[in-house]
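What follows is the content of protein_36.cif, which has mmCIF, C-alpha atoms:
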```
data_run
#
loop_
_atom_site.label_atom_id
_atom_site.label_comp_id
_atom_site.auth_asym_id
_atom_site.auth_seq_id
_atom_site.Cartn_x
_atom_site.Cartn_y
_atom_site.Cartn_z
CA MET G 1 8.10 20.45 -14.61
CA GLY G 2 8.87 17.15 -12.87
CA GLU G 3 10.87 19.00 -10.22
CA THR G 4 7.97 21.12 -9.01
CA ARG G 5 7.49 20.58 -5.29
CA TYR G 6 4.15 20.91 -3.52
CA ASP G 7 4.51 21.50 0.20
CA THR G 8 0.85 20.82 0.98
CA PRO G 9 -1.93 18.71 -0.55
CA GLN G 10 -3.74 22.00 -1.24
CA GLU G 11 -0.86 23.20 -3.45
CA ALA G 12 -0.89 19.90 -5.34
CA GLU G 13 -4.64 20.18 -5.81
CA ALA G 14 -4.41 23.74 -7.10
CA ALA G 15 -1.74 22.61 -9.59
CA PHE G 16 -3.91 19.68 -10.68
CA TYR G 17 -6.86 21.89 -11.58
CA ALA G 18 -4.60 24.54 -13.13
CA ALA G 19 -3.09 21.89 -15.42
CA PHE G 20 -6.58 20.55 -16.18
CA MET G 21 -7.77 24.02 -17.20
CA LYS G 22 -4.66 24.71 -19.30
CA HIS G 23 -4.78 21.26 -20.95
CA ASP G 24 -1.11 20.93 -20.01
CA VAL G 25 -0.16 17.24 -19.88
CA ASN G 26 3.35 17.83 -18.52
CA ALA G 27 2.07 20.05 -15.71
CA MET G 28 -0.65 17.48 -15.02
CA MET G 29 1.76 14.58 -14.73
CA ALA G 30 4.09 16.66 -12.52
CA VAL G 31 1.30 16.65 -9.93
CA TRP G 32 1.08 12.85 -9.88
CA ALA G 33 3.40 10.50 -8.00
CA GLY G 34 5.56 8.40 -10.30
CA ASP G 35 4.83 4.93 -9.00
CA GLU G 36 2.89 2.16 -10.71
CA LYS G 37 0.05 2.17 -8.15
CA ILE G 38 -1.33 5.62 -8.96
CA THR G 39 -4.92 5.30 -10.07
CA CYS G 40 -7.28 7.46 -12.11
CA ILE G 41 -10.98 6.89 -12.76
CA HIS G 42 -12.48 9.45 -15.11
CA PRO G 43 -16.31 9.71 -15.06
CA LEU G 44 -17.90 6.51 -16.35
CA SER G 45 -14.49 5.26 -17.48
CA PRO G 46 -12.30 2.26 -16.71
CA VAL G 47 -9.84 2.15 -13.82
CA LEU G 48 -6.43 3.33 -15.04
CA THR G 49 -3.30 2.37 -13.12
CA GLY G 50 0.27 3.63 -13.51
CA PRO G 51 1.76 6.78 -15.05
CA GLU G 52 1.68 5.63 -18.67
CA ALA G 53 -2.02 4.80 -18.84
CA ILE G 54 -2.92 7.89 -16.85
CA ARG G 55 -0.81 10.18 -19.04
CA ASP G 56 -2.38 8.70 -22.19
CA SER G 57 -5.85 9.39 -20.78
CA TRP G 58 -5.09 13.07 -20.20
CA VAL G 59 -3.58 13.40 -23.67
CA ALA G 60 -6.78 11.98 -25.17
CA LEU G 61 -9.02 14.04 -22.88
CA PHE G 62 -7.20 17.31 -23.59
CA ARG G 63 -7.16 16.67 -27.35
CA ASN G 64 -10.94 17.06 -27.54
CA ALA G 65 -11.53 19.37 -24.61
CA PRO G 66 -13.05 22.81 -25.04
CA ASP G 67 -11.89 25.83 -23.03
CA MET G 68 -13.21 25.41 -19.54
CA GLN G 69 -13.16 27.02 -16.14
CA PHE G 70 -13.26 25.07 -12.90
CA ILE G 71 -14.68 26.20 -9.62
CA ILE G 72 -13.81 23.68 -6.92
CA SER G 73 -15.82 23.44 -3.74
CA GLU G 74 -14.54 21.18 -1.04
CA ARG G 75 -16.96 18.81 0.66
CA SER G 76 -14.65 17.01 3.05
CA ARG G 77 -10.96 16.76 3.88
CA MET G 78 -9.11 14.07 5.85
CA GLN G 79 -5.41 14.02 6.46
CA ASP G 80 -2.75 12.31 8.53
CA GLY G 81 1.02 12.39 8.20
CA GLU G 82 1.39 10.90 4.75
CA LEU G 83 -2.02 10.74 3.09
CA ALA G 84 -4.61 13.41 2.39
CA ILE G 85 -8.09 12.78 1.00
CA HIS G 86 -10.12 15.60 -0.49
CA ILE G 87 -13.69 15.13 -1.62
CA VAL G 88 -14.62 17.97 -3.94
CA GLU G 89 -17.32 19.18 -6.29
CA GLU G 90 -15.96 20.26 -9.65
CA HIS G 91 -18.18 22.94 -11.17
CA ILE G 92 -17.04 23.02 -14.78
CA ARG G 93 -18.04 25.88 -17.02
CA VAL G 94 -17.50 25.58 -20.75
CA LYS G 95 -17.45 28.86 -22.65
CA ASN G 96 -20.79 29.79 -24.19
CA GLN G 97 -22.56 26.88 -22.51
CA ALA G 98 -24.91 26.78 -19.57
CA PRO G 99 -23.35 25.41 -16.36
CA ALA G 100 -23.37 21.61 -16.24
CA ALA G 101 -24.08 19.50 -13.18
CA PRO G 102 -21.01 19.21 -10.94
CA VAL G 103 -18.62 16.27 -11.02
CA TYR G 104 -17.79 14.69 -7.65
CA ALA G 105 -14.16 13.75 -7.15
CA THR G 106 -12.15 11.97 -4.52
CA ASN G 107 -8.56 13.21 -4.76
CA VAL G 108 -5.87 11.48 -2.72
CA TYR G 109 -2.38 12.91 -2.16
CA ARG G 110 0.65 11.23 -0.62
CA LEU G 111 3.67 12.88 0.96
CA THR G 112 6.61 11.60 -1.12
CA GLU G 113 10.28 12.55 -1.14
CA ALA G 114 9.31 15.05 -3.83
CA GLY G 115 6.57 16.65 -1.73
CA TRP G 116 2.80 16.00 -1.89
CA ARG G 117 1.74 14.18 -5.05
CA MET G 118 -1.58 12.93 -6.34
CA VAL G 119 -2.02 9.16 -6.11
CA LEU G 120 -5.76 8.87 -6.87
CA HIS G 121 -8.32 10.87 -8.83
CA HIS G 122 -11.76 9.22 -8.82
CA ALA G 123 -14.37 11.33 -10.59
CA THR G 124 -18.00 10.54 -10.95
CA PRO G 125 -21.04 12.25 -12.45
CA SER G 126 -23.48 13.84 -10.05
CA PRO G 127 -27.12 12.66 -10.12
CA PRO G 128 -29.02 13.19 -13.37
CA PRO G 129 -31.06 16.42 -13.21
CA SER G 130 -34.63 15.93 -12.14
CA LYS G 131 -37.31 16.47 -14.75
CA THR G 132 -38.47 19.58 -12.97
CA ASP G 133 -35.17 21.36 -13.60
CA ALA G 134 -35.18 24.18 -16.08
CA PRO G 135 -33.95 23.11 -19.49
CA THR G 136 -30.36 24.02 -20.22
CA LEU G 137 -30.95 24.90 -23.89
CA HIS G 138 -31.19 28.61 -24.52
CA MET K 139 -22.92 -4.16 17.03
CA GLY K 140 -21.33 -0.77 17.71
CA GLU K 141 -18.61 -2.40 19.79
CA THR K 142 -17.26 -4.58 17.01
CA ARG K 143 -13.54 -3.90 16.55
CA TYR K 144 -11.72 -4.29 13.25
CA ASP K 145 -7.99 -4.70 13.66
CA THR K 146 -7.18 -4.16 9.99
CA PRO K 147 -8.77 -2.24 7.11
CA GLN K 148 -9.31 -5.61 5.44
CA GLU K 149 -11.49 -6.79 8.34
CA ALA K 150 -13.51 -3.58 8.15
CA GLU K 151 -13.93 -4.03 4.40
CA ALA K 152 -15.07 -7.64 4.78
CA ALA K 153 -17.63 -6.51 7.37
CA PHE K 154 -18.82 -3.71 5.07
CA TYR K 155 -19.60 -6.09 2.21
CA ALA K 156 -21.06 -8.71 4.57
CA ALA K 157 -23.47 -6.08 5.94
CA PHE K 158 -24.25 -4.93 2.38
CA MET K 159 -25.12 -8.50 1.33
CA LYS K 160 -27.22 -9.14 4.45
CA HIS K 161 -29.01 -5.78 4.16
CA ASP K 162 -28.13 -5.25 7.82
CA VAL K 163 -28.17 -1.52 8.62
CA ASN K 164 -26.83 -1.92 12.15
CA ALA K 165 -23.91 -4.05 11.01
CA MET K 166 -23.30 -1.59 8.18
CA MET K 167 -23.16 1.43 10.47
CA ALA K 168 -20.90 -0.44 12.91
CA VAL K 169 -18.28 -0.45 10.15
CA TRP K 170 -18.38 3.34 9.77
CA ALA K 171 -16.64 5.86 12.00
CA GLY K 172 -19.05 7.95 14.05
CA ASP K 173 -17.88 11.45 13.20
CA GLU K 174 -19.68 14.04 11.12
CA LYS K 175 -17.09 14.03 8.32
CA ILE K 176 -17.75 10.50 7.08
CA THR K 177 -18.83 10.62 3.45
CA CYS K 178 -20.74 8.27 1.16
CA ILE K 179 -21.38 8.66 -2.56
CA HIS K 180 -23.60 5.93 -3.98
CA PRO K 181 -23.48 5.51 -7.80
CA LEU K 182 -24.91 8.59 -9.53
CA SER K 183 -26.11 9.93 -6.19
CA PRO K 184 -25.50 13.05 -4.12
CA VAL K 185 -22.65 13.39 -1.63
CA LEU K 186 -23.87 12.31 1.81
CA THR K 187 -22.02 13.48 4.91
CA GLY K 188 -22.40 12.36 8.52
CA PRO K 189 -23.82 9.20 10.13
CA GLU K 190 -27.49 10.19 9.98
CA ALA K 191 -27.65 10.87 6.24
CA ILE K 192 -25.52 7.82 5.50
CA ARG K 193 -27.63 5.54 7.67
CA ASP K 194 -30.81 6.81 6.02
CA SER K 195 -29.35 6.04 2.59
CA TRP K 196 -28.62 2.42 3.51
CA VAL K 197 -32.09 2.00 5.01
CA ALA K 198 -33.59 3.21 1.73
CA LEU K 199 -31.21 1.16 -0.39
CA PHE K 200 -31.80 -2.06 1.54
CA ARG K 201 -35.58 -1.58 1.52
CA ASN K 202 -35.72 -2.13 -2.23
CA ALA K 203 -32.69 -4.33 -2.70
CA PRO K 204 -32.95 -7.85 -4.07
CA ASP K 205 -30.82 -10.72 -2.76
CA MET K 206 -27.34 -10.21 -4.06
CA GLN K 207 -23.88 -11.66 -3.89
CA PHE K 208 -20.71 -9.58 -4.06
CA ILE K 209 -17.36 -10.64 -5.39
CA ILE K 210 -14.79 -7.97 -4.60
CA SER K 211 -11.59 -7.68 -6.58
CA GLU K 212 -9.01 -5.24 -5.37
CA ARG K 213 -7.38 -2.92 -7.88
CA SER K 214 -5.10 -0.91 -5.64
CA ARG K 215 -4.32 -0.46 -1.95
CA MET K 216 -2.49 2.38 -0.20
CA GLN K 217 -1.94 2.62 3.52
CA ASP K 218 0.03 4.51 6.11
CA GLY K 219 -0.32 4.58 9.88
CA GLU K 220 -3.85 5.93 10.14
CA LEU K 221 -5.48 5.89 6.71
CA ALA K 222 -6.03 3.08 4.23
CA ILE K 223 -7.40 3.50 0.73
CA HIS K 224 -8.75 0.53 -1.20
CA ILE K 225 -9.86 0.80 -4.81
CA VAL K 226 -12.04 -2.18 -5.63
CA GLU K 227 -14.32 -3.59 -8.29
CA GLU K 228 -17.64 -4.78 -6.91
CA HIS K 229 -19.02 -7.60 -9.04
CA ILE K 230 -22.63 -7.79 -7.94
CA ARG K 231 -24.74 -10.77 -8.83
CA VAL K 232 -28.50 -10.60 -8.35
CA LYS K 233 -30.26 -13.95 -8.17
CA ASN K 234 -31.70 -15.10 -11.48
CA GLN K 235 -30.14 -12.22 -13.36
CA ALA K 236 -27.15 -12.07 -15.68
CA PRO K 237 -24.04 -10.50 -14.15
CA ALA K 238 -24.09 -6.71 -14.33
CA ALA K 239 -21.10 -4.49 -15.09
CA PRO K 240 -18.91 -3.98 -12.01
CA VAL K 241 -19.14 -0.96 -9.76
CA TYR K 242 -15.86 0.81 -8.96
CA ALA K 243 -15.45 1.92 -5.38
CA THR K 244 -12.91 3.90 -3.42
CA ASN K 245 -13.14 2.80 0.21
CA VAL K 246 -11.19 4.72 2.84
CA TYR K 247 -10.63 3.47 6.39
CA ARG K 248 -9.20 5.34 9.36
CA LEU K 249 -7.59 3.89 12.47
CA THR K 250 -9.75 5.21 15.33
CA GLU K 251 -9.77 4.41 19.04
CA ALA K 252 -12.34 1.76 18.14
CA GLY K 253 -10.13 0.12 15.49
CA TRP K 254 -10.28 0.62 11.71
CA ARG K 255 -13.51 2.25 10.53
CA MET K 256 -14.82 3.30 7.15
CA VAL K 257 -14.73 7.06 6.54
CA LEU K 258 -15.47 7.17 2.79
CA HIS K 259 -17.31 4.98 0.31
CA HIS K 260 -17.33 6.47 -3.19
CA ALA K 261 -18.98 4.17 -5.72
CA THR K 262 -19.33 4.80 -9.40
CA PRO K 263 -20.75 2.90 -12.37
CA SER K 264 -18.23 1.32 -14.73
CA PRO K 265 -18.31 2.32 -18.41
CA PRO K 266 -21.53 1.60 -20.31
CA PRO K 267 -21.25 -1.70 -22.18
CA SER K 268 -20.17 -1.36 -25.76
CA LYS K 269 -22.73 -2.19 -28.42
CA THR K 270 -20.77 -5.26 -29.41
CA ASP K 271 -21.33 -6.90 -26.01
CA ALA K 272 -23.60 -9.88 -25.93
CA PRO K 273 -27.12 -9.00 -24.83
CA THR K 274 -27.88 -9.75 -21.19
CA LEU K 275 -31.43 -10.97 -21.79
CA HIS K 276 -31.78 -14.71 -21.79
#
```
As structure tokens, the full file:
Amino acid sequence: MGETRYDTPQEAEAAFYAAFMKHDVNAMMAVWAGDEKITCIHPLSPVLTGPEAIRDSWVALFRNAPDMQFIISERSRMQDGELAIHIVEEHIRVKNQAPAAPVYATNVYRLTEAGWRMVLHHATPSPPPSKTDAPTLH
Amino acid sequence: MGETRYDTPQEAEAAFYAAFMKHDVNAMMAVWAGDEKITCIHPLSPVLTGPEAIRDSWVALFRNAPDMQFIISERSRMQDGELAIHIVEEHIRVKNQAPAAPVYATNVYRLTEAGWRMVLHHATPSPPPSKTDAPTLH
């Protein structure tokens, strides 16, 4: 899996969310660059730096994760020769549950010798639902 | 203020936090690029895009903000010719209050014709304190 090459940031991003949905740690880490500066901030979680800490976090996250579907909507994209920044909304649907509020993520990709790789995933909860929202229990 | 030129991302970042501490909306917006793709995500807040929405958010934030001091510690920095990404911890101290948990921020700067300008500020609360932490009342 480590030899997979992504020719665009979009391909790397598609692979990231595919690995997330499949709970596939090897596919997930194949999307990331291998250097010690890569950084991952899961929602309301500490800053993780380097492949080992980031891999461990996905192992733990996938261990308890239910089946889920992602629909990604892009809010903004910035790119130059070597860096690409995507700001996305992650609409995550867990089977047999009502849709949750989206997660906002800043995903950064860098053009490496092995193609485009993720170097930052910073995810953050969206605002708490207002009290006028319909209840999600059903 | 709009003519201020930042020759490095670090200068732009210093100006961003100086404006934040002074509650100076004009100085704050002088740090940002002027295009419609600039994006700001305050902690647990919606995604804001474009100078008008971002300016309005700082006006609202500064209106109710107490005096505060920032100590910024950098966690990671990535840069190529035109984009710079800084991942920082914002340690915010409000006068006469115990220190709060840090805020994590991804700050992205772009080299424009007017020097380095902020194009993304994505801020997120750090993990909730564990129950074993000392109480902050005193």
Please provide chain G as a short mmCIF file (atom, residue, chain, number, x, y, z; two decimals) with C-alpha atoms, keeping the file's coordinate frame, once it has been superposed on chain K by least squares across all sequentially paired Cα atoms.
```cif
data_model
loop_
_atom_site.label_atom_id
_atom_site.label_comp_id
_atom_site.auth_asym_id
_atom_site.auth_seq_id
_atom_site.Cartn_x
_atom_site.Cartn_y
_atom_site.Cartn_z
CA MET G 1 -22.86 -4.14 17.08
CA GLY G 2 -21.28 -0.73 17.72
CA GLU G 3 -18.57 -2.38 19.82
CA THR G 4 -17.24 -4.56 17.03
CA ARG G 5 -13.54 -3.88 16.56
CA TYR G 6 -11.72 -4.28 13.26
CA ASP G 7 -7.98 -4.69 13.68
CA THR G 8 -7.19 -4.14 10.00
CA PRO G 9 -8.78 -2.22 7.12
CA GLN G 10 -9.30 -5.61 5.45
CA GLU G 11 -11.49 -6.78 8.35
CA ALA G 12 -13.52 -3.57 8.16
CA GLU G 13 -13.94 -4.04 4.42
CA ALA G 14 -15.07 -7.64 4.80
CA ALA G 15 -17.64 -6.50 7.39
CA PHE G 16 -18.83 -3.72 5.08
CA TYR G 17 -19.60 -6.10 2.22
CA ALA G 18 -21.06 -8.71 4.58
CA ALA G 19 -23.48 -6.10 5.95
CA PHE G 20 -24.26 -4.95 2.40
CA MET G 21 -25.11 -8.51 1.36
CA LYS G 22 -27.22 -9.15 4.47
CA HIS G 23 -29.01 -5.79 4.18
CA ASP G 24 -28.13 -5.26 7.84
CA VAL G 25 -28.17 -1.53 8.63
CA ASN G 26 -26.83 -1.90 12.18
CA ALA G 27 -23.91 -4.05 11.02
CA MET G 28 -23.30 -1.57 8.20
CA MET G 29 -23.16 1.44 10.48
CA ALA G 30 -20.89 -0.44 12.92
CA VAL G 31 -18.27 -0.44 10.16
CA TRP G 32 -18.39 3.35 9.77
CA ALA G 33 -16.64 5.88 12.00
CA GLY G 34 -19.05 7.97 14.05
CA ASP G 35 -17.89 11.46 13.18
CA GLU G 36 -19.70 14.06 11.10
CA LYS G 37 -17.11 14.04 8.29
CA ILE G 38 -17.75 10.50 7.05
CA THR G 39 -18.83 10.61 3.44
CA CYS G 40 -20.75 8.27 1.16
CA ILE G 41 -21.38 8.64 -2.57
CA HIS G 42 -23.60 5.92 -3.97
CA PRO G 43 -23.50 5.50 -7.79
CA LEU G 44 -24.91 8.56 -9.53
CA SER G 45 -26.13 9.91 -6.19
CA PRO G 46 -25.51 13.03 -4.13
CA VAL G 47 -22.66 13.38 -1.65
CA LEU G 48 -23.87 12.30 1.80
CA THR G 49 -22.03 13.48 4.90
CA GLY G 50 -22.40 12.36 8.52
CA PRO G 51 -23.82 9.21 10.13
CA GLU G 52 -27.49 10.20 9.97
CA ALA G 53 -27.65 10.86 6.23
CA ILE G 54 -25.52 7.82 5.49
CA ARG G 55 -27.63 5.53 7.68
CA ASP G 56 -30.82 6.80 6.01
CA SER G 57 -29.35 6.02 2.59
CA TRP G 58 -28.61 2.41 3.52
CA VAL G 59 -32.08 1.99 5.01
CA ALA G 60 -33.61 3.20 1.73
CA LEU G 61 -31.20 1.15 -0.39
CA PHE G 62 -31.79 -2.07 1.57
CA ARG G 63 -35.58 -1.59 1.54
CA ASN G 64 -35.71 -2.15 -2.22
CA ALA G 65 -32.67 -4.36 -2.68
CA PRO G 66 -32.93 -7.87 -4.05
CA ASP G 67 -30.81 -10.75 -2.74
CA MET G 68 -27.33 -10.24 -4.04
CA GLN G 69 -23.86 -11.69 -3.89
CA PHE G 70 -20.71 -9.61 -4.04
CA ILE G 71 -17.36 -10.65 -5.38
CA ILE G 72 -14.79 -7.98 -4.59
CA SER G 73 -11.60 -7.69 -6.58
CA GLU G 74 -9.01 -5.26 -5.38
CA ARG G 75 -7.39 -2.93 -7.88
CA SER G 76 -5.11 -0.92 -5.63
CA ARG G 77 -4.33 -0.48 -1.95
CA MET G 78 -2.50 2.38 -0.20
CA GLN G 79 -1.94 2.61 3.50
CA ASP G 80 0.03 4.53 6.10
CA GLY G 81 -0.34 4.60 9.87
CA GLU G 82 -3.86 5.95 10.14
CA LEU G 83 -5.49 5.89 6.71
CA ALA G 84 -6.04 3.08 4.23
CA ILE G 85 -7.41 3.50 0.71
CA HIS G 86 -8.76 0.53 -1.20
CA ILE G 87 -9.86 0.79 -4.80
CA VAL G 88 -12.05 -2.19 -5.63
CA GLU G 89 -14.31 -3.62 -8.29
CA GLU G 90 -17.64 -4.78 -6.92
CA HIS G 91 -19.01 -7.62 -9.03
CA ILE G 92 -22.63 -7.81 -7.93
CA ARG G 93 -24.73 -10.81 -8.82
CA VAL G 94 -28.48 -10.65 -8.33
CA LYS G 95 -30.23 -14.00 -8.15
CA ASN G 96 -31.69 -15.14 -11.46
CA GLN G 97 -30.12 -12.24 -13.34
CA ALA G 98 -27.16 -12.12 -15.67
CA PRO G 99 -24.03 -10.54 -14.14
CA ALA G 100 -24.08 -6.74 -14.33
CA ALA G 101 -21.10 -4.53 -15.10
CA PRO G 102 -18.91 -4.01 -12.02
CA VAL G 103 -19.15 -0.98 -9.77
CA TYR G 104 -15.86 0.78 -8.97
CA ALA G 105 -15.44 1.90 -5.39
CA THR G 106 -12.92 3.88 -3.43
CA ASN G 107 -13.14 2.79 0.21
CA VAL G 108 -11.21 4.73 2.84
CA TYR G 109 -10.63 3.48 6.39
CA ARG G 110 -9.20 5.35 9.36
CA LEU G 111 -7.59 3.91 12.47
CA THR G 112 -9.75 5.22 15.33
CA GLU G 113 -9.77 4.44 19.03
CA ALA G 114 -12.34 1.78 18.15
CA GLY G 115 -10.14 0.15 15.50
CA TRP G 116 -10.29 0.63 11.71
CA ARG G 117 -13.51 2.26 10.54
CA MET G 118 -14.82 3.31 7.15
CA VAL G 119 -14.74 7.06 6.55
CA LEU G 120 -15.47 7.15 2.79
CA HIS G 121 -17.31 4.96 0.31
CA HIS G 122 -17.34 6.46 -3.20
CA ALA G 123 -18.98 4.16 -5.74
CA THR G 124 -19.33 4.77 -9.40
CA PRO G 125 -20.72 2.87 -12.38
CA SER G 126 -18.23 1.28 -14.72
CA PRO G 127 -18.31 2.29 -18.41
CA PRO G 128 -21.51 1.54 -20.32
CA PRO G 129 -21.19 -1.77 -22.21
CA SER G 130 -20.10 -1.39 -25.79
CA LYS G 131 -22.65 -2.16 -28.46
CA THR G 132 -20.72 -5.23 -29.47
CA ASP G 133 -21.31 -6.89 -26.10
CA ALA G 134 -23.67 -9.82 -26.01
CA PRO G 135 -27.14 -8.85 -24.86
CA THR G 136 -27.87 -9.63 -21.24
CA LEU G 137 -31.49 -10.69 -21.83
CA HIS G 138 -31.95 -14.43 -21.91
#
```
**Report entry** Picked residues, the PyMOL selection byres ((chain G) within 7 of (chain K)), expected as a ChimeraX atom specification
**Finding:** /G:37,44-46,76,80,82-83,124-127
**Report entry** Contacts of region 61-67 of chain G within 12 Å, all atoms listed in the file, excl. fewer than 3 positions in-chain, as a count of residues only
**Finding:** 24
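For the structure in this document, the set picked by the PyMOL selection byres ((chain K and resi 154) around 9) is Glu149, Ala150, Glu151, Ala152, Ala153, Tyr155, Ala156, Ala157, Phe158, Met159, Ala165, Met166, Met167, Ala168, Val169, Trp170 and Met256 of chain K.
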Requested in this report: Rounded to one decimal place, report the CA of Gly50 (chain G)-CA of Ala33 (chain G) distance in Å.
Outcome: 9.3 Å
Requested in this report: Would you list the contacts of Glu90 (chain G) as a count of residues only, taking every protein, DNA or RNA residue within 7 Å and counting all atoms listed in the file, but skipping same-chain residues closer than 3 positions in sequence?
Outcome: 7
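Note that the spacing between CA of Asp35 (chain G) and CA of Thr8 (chain G) amounts to 19.2 Å.
In this model, the gap between CA of Ala114 (chain G) and CA of Asp7 (chain G) comes to 9.0 Å.
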